[in-house]
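First the structure, in the form of structure tokens, and then the observations on it.
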Amino acid sequence: MKEYSIDRIRNISLVAHGQVGKTSLAEAMLFTAGETTRLGKVDDGTTVSDYIQDEIERKISISTAVALMEWQKHKLNIIDTPGFSDFVGEVISALRVVESVVVMVSATAGVEVGTESVWKLAKNNKLAGFFFVNRMDKEHADFNKTLDSMRNRFGSSLVPIQFPVTAGEGFDSIVDLIKMKVLTYQNDLSGQYTEKDIPANLLEKAQNLRKKLEESIAENDEALMEKYLETEKLDDKELIEGLRREVVKCNIVPVLCGAASTNKGVARLMDAIVDFAPSPVDVPAVLGVKPESTIEIARKADAKEPLCALVFKTIAEQHLGELSFFRVFSGSLEAGMEILNSSVANTEKLSQVFFMTGKSRKEATVISAGDIGATVKLKNTKTSDTLCDKKNPILLPKIAFPDPIIRTALVAKNKGDEEKISAGLHSIHGEDPTITFQYDPEVKQLVMSGQGELQFDIVSKRLKDRYGVEVEMVEPRIPYRETIRKKVEAQGKYKKQSGGRGQYGDCHLRLEPQFRGAGFEFLDEVVGGVIPGKYIPAIEKGVRETMTDGVLAGYPVVDLKVAVFFGSYHAVDSSDMAFKVAGSMAFKKAFMEASPVLLEPIYNLEVTVPEECMGDVMGDISSRRGKILGMEAEGPFQTIKAKVPLAELYKYSTSLRSLTQGRGIHRRSFSHYEEVPGEVQAKIVEASQKSKKDEEE
Ligand SMILES: Nc1nc2c(ncn2[C@@H]2O[C@H](COP(=O)(O)OP(=O)(O)OP(=O)(O)O)[C@@H](O)[C@H]2O)c(=O)[nH]1
Ligand SMILES: [Mg+2]
């Protein structure tokens, strides 16, 4: 493998809303660079970067893939990321290891919710950016409209450095504002183009846009501005160097266009990456801490510094083995080296290191600062871990994966598979940390949490294919609560006095409702020793145990005050046991008379959708017993805020996807407990009685 000096490396992520053409673009880049001999297609399952079986079957990206190539004597590490929001964890990890992003936008759909979220992530990571308006060959493709929508949303730092000559079928030519030429791409997928002068009818437009580009370069640089004001012109060198400087500083985000699947516009995008995108030495040193301290350490992108690398991806595909992908920030990784995983304070011996393109590996002897590679068979290393020099340890911040937004319960199709399921999920979590799982003792189910139902489907398939276990995904039981609405008094008397030593306990309880979230309070108001003090804890225990098991439908009782205020005892027959039973009896009786009610968890729901989907989405929220609190406009999108019962949110992401044709996203978080409406309560109580009966039989 050829070696490249660090300033000749470009690490770039392709990001976008789902299906805009990232994988096709990565494919076209590889082909144009001569790394592959044919241009694969997503629809045929023949691309380099969608190589996992599930990706081939579904024709979507599920996991990031690295594609490396040489272009203009530079090394490009391109990371193709998935666009579906279910796999946002992959995007987040990819963005930790690159200096810039190419945001793709569809020339027919314009800015979509996924575009917004990837751009936000890129900004949070302070990455330089390019926009590539893709699908210029589609009917109704409109570059100007798309550019307007992008500039409206993301600001005037977006500056076109090209525009198409025509759009739609037959699209093949682009006016290049750097070269000031028309580039005509060949129709044979080769990605090659010829240059000619800009025709008269486009010249004025080209000159105007070139002028705007020059102005935006000059306006951030005093010396250049002075010269520009004098001559009203930048020469090619000033333009290219100036543009590079401003892109690196994130002041300018160049906009390009093309059609990935027919390999048009791709070669010039690669030129732009080489000419304008930051190299690893153009960005600030990476920051970490000395392990087990808060002492900050900065590591420059330099092979001579001590080693510091981040594992950003782990895969355990069949036939491929377990691979850990890493980005080296400083120092070098060599085969045979012993290094420290500072995240778990464990050493690892590196057997081999590889440069990766899709699933194919090229063995390397050393992978140095600024570069991306992979290794196999690490014992104890997972995604997000830091690998470093043993003598100069550093710990990088963990990758900030998002909190789960949806849950499902998993049931083994075959009894006895539970352990295998846990082991499988454990390993899947290692690959995709946004999937988490735990046994929920309250609802007595194994509950998996994640980002979307598509992601769940893939987990379920992996469990089957890799671990040979089948699971059924069922709605997680809702953690209802029980409470009361009235103040009530009742007596519980437990008396057994036939033969031998009997049982005697008698108590009067008062139950009083409390505000939501108050919990439980127990008061001893017995006077005159009608119940000896030593039996009071037994009564409380009886009450507490009954509360845990529930009275109405088997759910924990909350938010009430219980006072024991009267009773009687028997000198010989009374015992803790008898008073515990009496306490429980009194509680059950009082509870049922105190206008009992079920409480259900209510969630905050935030749904972001294009304006035209708003009516449908709001109607759907109302049909889920949701209350709409308000709306906020964000450009062409509306964020609807609502409170919705958890019981109505199962499979919400699938419904939202079909309601909005994939153009909506949602977030949710627990809000509070609220009374269940009468007719819903009747159903829940009935179901609980039925399942109790089934269990008894
Ligand atoms: N007409 C046209 N179709 C395209 C273009 N680019 C991609 N496609 C098609 O769009 C579909 C999706 O392309 P992908 O490359 O898989 O898109 P993606 O952004 O990687 O999709 P995800 O990774 O699932 O988000 C495929 O059928 C491609 O052939 C383009 O420029 N023009
Ligand atoms: Mg893809």
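Each chain in the structure tokens gets a letter, A, B, ..., in the order shown, and its residues are numbered from 1; ligands are numbered from 1 in order too.
Taking only C-alpha atoms, the non-local environment of range 381-390 of chain A within 7 Å (same-chain residues fewer than 3 positions away omitted) comprises Pro306, Leu307, Cys308, Ala309, Leu310, Val311, Phe312, Lys313, Thr314, Ile339, Leu340, Asn341, Ser342, Ser343, Leu378, Pro393, Ile394, Leu395, Leu396, Lys398, Ile399, Gly430 and Glu431 of chain A.
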Write out as a list in words each polymer residue (protein, DNA or RNA) that has an atom no more than 7 Å from ligand 2, with only C-alpha atoms and all ligand atoms counted. Gln19, Gly21, Lys22, Thr23, Asp50, Ile60, Ser61, Asp80, Thr81, Pro82 and Gly83 of chain A
Write out as a ChimeraX atom specification all residues of range 176-346 of chain A that backbone DSSP assigns to strand (DSSP E or B). /A:176,181-185,193-196,253-257,259,264,286-289,296-299,308-317,321-330,332-334,338-341,346
Writer output for current selection, C-alpha atoms, as a compact mmCIF listing (two decimals), in the first residue's frame:
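As written to disk, selection15.txt reads:
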# COMPACT_ATOMS: atom_id res chain seq x y z
CA ASP A 176 -17.85 24.91 -13.42
CA LYS A 181 -15.84 26.07 -18.39
CA VAL A 182 -18.74 23.82 -19.29
CA LEU A 183 -17.97 20.22 -18.40
CA THR A 184 -19.83 17.57 -20.36
CA TYR A 185 -19.83 14.12 -18.82
CA TYR A 193 -15.85 14.71 -19.11
CA THR A 194 -14.77 17.13 -21.77
CA GLU A 195 -14.37 20.87 -21.28
CA LYS A 196 -15.56 23.66 -23.51
CA VAL A 253 -19.75 25.49 2.18
CA PRO A 254 -19.36 24.84 -1.57
CA VAL A 255 -22.37 23.50 -3.42
CA LEU A 256 -21.92 21.10 -6.35
CA CYS A 257 -24.28 18.99 -8.40
CA ALA A 259 -26.05 12.36 -10.72
CA LYS A 264 -21.93 12.61 -13.57
CA VAL A 286 -7.85 16.01 19.36
CA LEU A 287 -8.64 16.43 23.04
CA GLY A 288 -8.86 13.76 25.69
CA VAL A 289 -8.06 13.30 29.35
CA GLU A 296 -6.82 17.44 29.64
CA ILE A 297 -4.41 16.19 26.98
CA ALA A 298 -4.23 17.41 23.37
CA ARG A 299 -2.76 15.21 20.65
CA CYS A 308 -4.14 7.73 20.14
CA ALA A 309 -6.96 6.12 18.14
CA LEU A 310 -10.72 5.76 18.44
CA VAL A 311 -12.69 2.63 17.60
CA PHE A 312 -15.73 3.91 15.74
CA LYS A 313 -17.24 0.72 14.45
CA THR A 314 -17.30 -2.97 15.22
CA ILE A 315 -18.78 -5.61 12.99
CA ALA A 316 -19.23 -9.30 13.54
CA GLU A 317 -20.49 -10.46 10.17
CA GLY A 321 -15.07 -12.31 11.49
CA GLU A 322 -15.05 -9.58 14.05
CA LEU A 323 -13.52 -6.35 12.82
CA SER A 324 -12.80 -3.16 14.74
CA PHE A 325 -12.51 0.00 12.67
CA PHE A 326 -10.42 2.79 14.08
CA ARG A 327 -9.23 6.28 13.27
CA VAL A 328 -5.69 7.11 14.28
CA PHE A 329 -5.49 10.66 15.60
CA SER A 330 -1.81 10.63 16.60
CA SER A 332 0.87 4.96 14.53
CA LEU A 333 -0.59 1.50 14.86
CA GLU A 334 1.55 -1.38 13.74
CA GLU A 338 0.81 -4.12 22.24
CA ILE A 339 -1.41 -1.19 23.04
CA LEU A 340 -3.66 0.01 25.81
CA ASN A 341 -7.43 0.20 25.58
CA ASN A 346 -6.80 -3.46 29.33
Which is closest to ligand 1 among A:Ala223, A:Val411, A:Ile273, A:Leu454, if we use only C-alpha atoms and all ligand atoms? A:Leu454
With only C-alpha atoms and all ligand atoms counted, collect every polymer residue having an atom within 9 Å of ligand 1; state the result as a ChimeraX atom specification. /A:14-27,41-44,47,49-50,55,58-64,80-85,104,106-107,133-139,168-169,258-264
Output file for the residues above (N, CA and C atoms, as a short mmCIF file (atom, residue, chain, number, x, y, z; two decimals), in the first residue's frame):
data_model
loop_
_atom_site.label_atom_id
_atom_site.label_comp_id
_atom_site.auth_asym_id
_atom_site.auth_seq_id
_atom_site.Cartn_x
_atom_site.Cartn_y
_atom_site.Cartn_z
N LEU A 14 -20.09 10.73 3.78
CA LEU A 14 -21.25 11.07 2.94
C LEU A 14 -22.48 10.94 3.82
N VAL A 15 -23.25 12.03 3.92
CA VAL A 15 -24.42 12.01 4.80
C VAL A 15 -25.63 12.58 4.06
N ALA A 16 -26.82 12.13 4.43
CA ALA A 16 -28.05 12.63 3.78
C ALA A 16 -29.26 11.99 4.42
N HIS A 17 -30.39 12.47 4.02
CA HIS A 17 -31.66 11.80 4.27
C HIS A 17 -31.61 10.44 3.55
N GLY A 18 -32.47 9.52 3.92
CA GLY A 18 -32.44 8.20 3.29
C GLY A 18 -32.62 8.24 1.78
N GLN A 19 -31.85 7.38 1.10
CA GLN A 19 -32.08 7.12 -0.32
C GLN A 19 -31.74 8.25 -1.29
N VAL A 20 -30.97 9.21 -0.86
CA VAL A 20 -30.63 10.31 -1.77
C VAL A 20 -29.55 9.90 -2.77
N GLY A 21 -28.73 8.91 -2.35
CA GLY A 21 -27.71 8.43 -3.30
C GLY A 21 -26.28 8.35 -2.77
N LYS A 22 -26.13 8.23 -1.44
CA LYS A 22 -24.79 8.20 -0.84
C LYS A 22 -23.98 6.99 -1.30
N THR A 23 -24.63 5.83 -1.24
CA THR A 23 -23.93 4.60 -1.60
C THR A 23 -23.58 4.62 -3.09
N SER A 24 -24.50 5.14 -3.89
CA SER A 24 -24.23 5.24 -5.33
C SER A 24 -23.06 6.20 -5.57
N LEU A 25 -22.99 7.27 -4.77
CA LEU A 25 -21.89 8.22 -4.94
C LEU A 25 -20.56 7.58 -4.55
N ALA A 26 -20.55 6.86 -3.44
CA ALA A 26 -19.30 6.19 -3.03
C ALA A 26 -18.86 5.23 -4.13
N GLU A 27 -19.83 4.54 -4.70
CA GLU A 27 -19.55 3.59 -5.78
C GLU A 27 -18.95 4.30 -6.99
N LYS A 41 -24.42 -1.32 -8.68
CA LYS A 41 -25.70 -0.63 -8.48
C LYS A 41 -26.34 -1.11 -7.19
N VAL A 42 -26.92 -0.15 -6.45
CA VAL A 42 -27.62 -0.51 -5.20
C VAL A 42 -28.75 -1.50 -5.51
N ASP A 43 -29.47 -1.23 -6.58
CA ASP A 43 -30.63 -2.07 -6.88
C ASP A 43 -30.26 -3.49 -7.27
N ASP A 44 -29.03 -3.68 -7.75
CA ASP A 44 -28.59 -5.04 -8.07
C ASP A 44 -27.83 -5.68 -6.91
N THR A 47 -22.98 -3.01 -4.99
CA THR A 47 -22.08 -1.92 -4.63
C THR A 47 -21.04 -2.40 -3.62
N SER A 49 -20.07 -0.63 -0.97
CA SER A 49 -20.29 -0.27 0.43
C SER A 49 -21.57 -0.83 1.04
N ASP A 50 -22.54 -1.25 0.25
CA ASP A 50 -23.68 -1.98 0.84
C ASP A 50 -23.41 -3.47 0.69
N GLU A 55 -28.34 -5.41 3.75
CA GLU A 55 -28.31 -4.21 2.90
C GLU A 55 -28.64 -4.59 1.46
N ARG A 58 -32.44 -5.45 1.27
CA ARG A 58 -33.37 -4.33 1.45
C ARG A 58 -33.06 -3.13 0.57
N LYS A 59 -31.88 -3.15 -0.07
CA LYS A 59 -31.45 -2.04 -0.94
C LYS A 59 -31.36 -0.72 -0.19
N ILE A 60 -30.91 -0.82 1.06
CA ILE A 60 -30.66 0.39 1.84
C ILE A 60 -29.37 0.16 2.63
N SER A 61 -28.76 1.25 3.07
CA SER A 61 -27.58 1.09 3.93
C SER A 61 -28.03 0.97 5.38
N ILE A 62 -27.34 0.08 6.09
CA ILE A 62 -27.68 -0.17 7.48
C ILE A 62 -26.50 0.22 8.36
N SER A 63 -25.32 0.07 7.78
CA SER A 63 -24.13 0.29 8.57
C SER A 63 -23.14 1.11 7.74
N THR A 64 -22.24 1.82 8.39
CA THR A 64 -21.28 2.61 7.63
C THR A 64 -20.29 1.70 6.92
N ASP A 80 -19.31 5.99 3.84
CA ASP A 80 -20.72 6.01 3.40
C ASP A 80 -21.58 5.67 4.61
N THR A 81 -22.52 6.55 4.94
CA THR A 81 -23.35 6.31 6.13
C THR A 81 -24.80 6.00 5.73
N PRO A 82 -25.54 5.31 6.58
CA PRO A 82 -26.96 5.08 6.27
C PRO A 82 -27.77 6.37 6.44
N GLY A 83 -28.89 6.46 5.72
CA GLY A 83 -29.70 7.66 5.80
C GLY A 83 -30.95 7.51 6.65
N PHE A 84 -31.41 6.28 6.86
CA PHE A 84 -32.61 6.09 7.68
C PHE A 84 -32.30 6.43 9.13
N SER A 85 -33.25 7.12 9.78
CA SER A 85 -32.97 7.63 11.12
C SER A 85 -32.79 6.49 12.13
N MET A 104 -25.60 15.24 0.89
CA MET A 104 -26.28 15.10 -0.40
C MET A 104 -27.74 15.50 -0.24
N SER A 106 -31.46 15.75 -2.54
CA SER A 106 -32.09 15.36 -3.79
C SER A 106 -32.60 16.59 -4.54
N ALA A 107 -32.30 16.65 -5.82
CA ALA A 107 -32.72 17.80 -6.63
C ALA A 107 -34.22 17.82 -6.86
N VAL A 133 -25.88 18.39 -4.80
CA VAL A 133 -27.27 18.25 -5.22
C VAL A 133 -27.33 17.10 -6.21
N ASN A 134 -27.86 15.98 -5.74
CA ASN A 134 -27.84 14.74 -6.53
C ASN A 134 -29.15 14.56 -7.30
N ARG A 135 -29.18 13.56 -8.12
CA ARG A 135 -30.37 13.19 -8.89
C ARG A 135 -30.76 14.28 -9.88
N MET A 136 -29.76 14.97 -10.43
CA MET A 136 -30.03 16.03 -11.41
C MET A 136 -30.67 15.47 -12.68
N ASP A 137 -30.56 14.14 -12.87
CA ASP A 137 -31.11 13.53 -14.09
C ASP A 137 -32.59 13.19 -13.96
N LYS A 138 -33.18 13.40 -12.77
CA LYS A 138 -34.57 12.99 -12.57
C LYS A 138 -35.53 14.03 -13.16
N GLU A 139 -36.69 13.53 -13.55
CA GLU A 139 -37.73 14.44 -14.00
C GLU A 139 -38.03 15.43 -12.87
N GLY A 168 -32.94 17.12 -15.51
CA GLY A 168 -33.86 16.09 -15.98
C GLY A 168 -33.16 15.12 -16.91
N GLU A 169 -33.97 14.38 -17.66
CA GLU A 169 -33.42 13.37 -18.56
C GLU A 169 -32.39 14.02 -19.50
N GLY A 258 -24.82 16.92 -9.51
CA GLY A 258 -24.52 15.79 -10.38
C GLY A 258 -25.56 14.69 -10.27
N ALA A 259 -25.19 13.53 -10.79
CA ALA A 259 -26.05 12.36 -10.72
C ALA A 259 -25.16 11.16 -10.40
N ALA A 260 -25.29 10.68 -9.16
CA ALA A 260 -24.36 9.64 -8.70
C ALA A 260 -24.51 8.35 -9.49
N SER A 261 -25.77 7.96 -9.73
CA SER A 261 -25.96 6.64 -10.33
C SER A 261 -25.51 6.58 -11.79
N THR A 262 -25.38 7.75 -12.45
CA THR A 262 -24.86 7.73 -13.81
C THR A 262 -23.46 8.33 -13.88
N ASN A 263 -22.87 8.52 -12.68
CA ASN A 263 -21.49 8.99 -12.59
C ASN A 263 -21.28 10.33 -13.31
N LYS A 264 -22.11 11.27 -12.98
CA LYS A 264 -21.93 12.61 -13.57
C LYS A 264 -21.70 13.63 -12.45
#
Determine, counting only C-alpha atoms, which protein, DNA and RNA residues have an atom within 9 Å of an atom of Ile478 in chain A; residues of the same chain fewer than 4 positions away are not included. Present the result as a ChimeraX atom specification. /A:443,600-601,646-647
Save out the residues we just selected, C-alpha atoms, as a PDB file, in the first residue's frame.
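Below is the file that was written, again-v6.pdb:
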ATOM      1  CA  VAL A 443     -43.586  -5.985  33.404  1.00  0.00           C
ATOM      2  CA  GLU A 600     -50.974   5.407  32.608  1.00  0.00           C
ATOM      3  CA  PRO A 601     -47.612   6.812  31.533  1.00  0.00           C
ATOM      4  CA  LEU A 646     -47.391   5.317  25.928  1.00  0.00           C
ATOM      5  CA  ALA A 647     -49.998   2.644  25.260  1.00  0.00           C
TER       6      ALA A 647
END
Using only C-alpha atoms, which residues sit within 8 Å of Leu76 in chain A once same-chain residues fewer than 5 positions away are excluded, as a compact mmCIF listing (two decimals) with C-alpha atoms, in the first residue's frame?
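Full text of out_3.txt as output:
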# COMPACT_ATOMS: atom_id res chain seq x y z
CA ILE A 9 -5.25 12.49 3.42
CA ARG A 10 -8.92 13.49 3.34
CA ASN A 11 -11.42 11.81 5.65
CA ILE A 12 -14.95 12.51 4.51
CA ALA A 67 -14.08 3.23 0.82
CA LEU A 68 -10.55 4.35 0.23
CA MET A 69 -9.20 5.61 -3.04
CA GLU A 70 -6.44 7.66 -4.55
CA TRP A 71 -7.34 10.85 -6.36
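When CA of Gly114 in chain A is paired with CA of Arg663 in chain A, their separation reads 7.8 Å.
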Using DSSP assignments from the backbone, pull out every residue in range 53-120 of chain A that falls under helix (DSSP H, G or I) and give it to me as a ChimeraX atom specification. /A:53-58,85-95,113-120
Point-to-point distance from CA of Val91 in chain A to CA of Val644 in chain A, Å rounded to tenths: 28.9 Å
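With only C-alpha atoms as the atoms that count, the residue of A:Ser460, A:Gln445, A:Ser190, A:Thr654 with the shortest distance to Ile421 in chain A is A:Ser460.
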What lies within 9 Å of Pro278 in chain A using only C-alpha atoms, ignoring chain neighbours under 6 positions off, as a ChimeraX atom specification? /A:7,9-11,99-100,128,244-245,247-249
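Checking A:Ile79, A:Val471, A:Ile372, A:Ala33 one by one against Val353 in chain A, counting only C-alpha atoms, you find the shortest gap at A:Ile372.
The residue that comes closest to Ile252 in chain A, out of A:Val165, A:Ile217, A:Val474, A:Leu629 and on the basis of only C-alpha atoms, is A:Ile217.
Atom pair CA of Gly358 in chain A / CA of Val48 in chain A: separated by 5.1 Å.
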When distances are computed from only C-alpha atoms, which of A:Thr434, A:Ser653, A:Gln207, A:Gln72 shows the smallest separation from Pro404 in chain A? A:Thr434
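When only C-alpha atoms are used to measure the gap to Ser149 in chain A, the shortest distance among A:Phe637, A:Ala301, A:Leu552, A:Glu593 belongs to A:Phe637.
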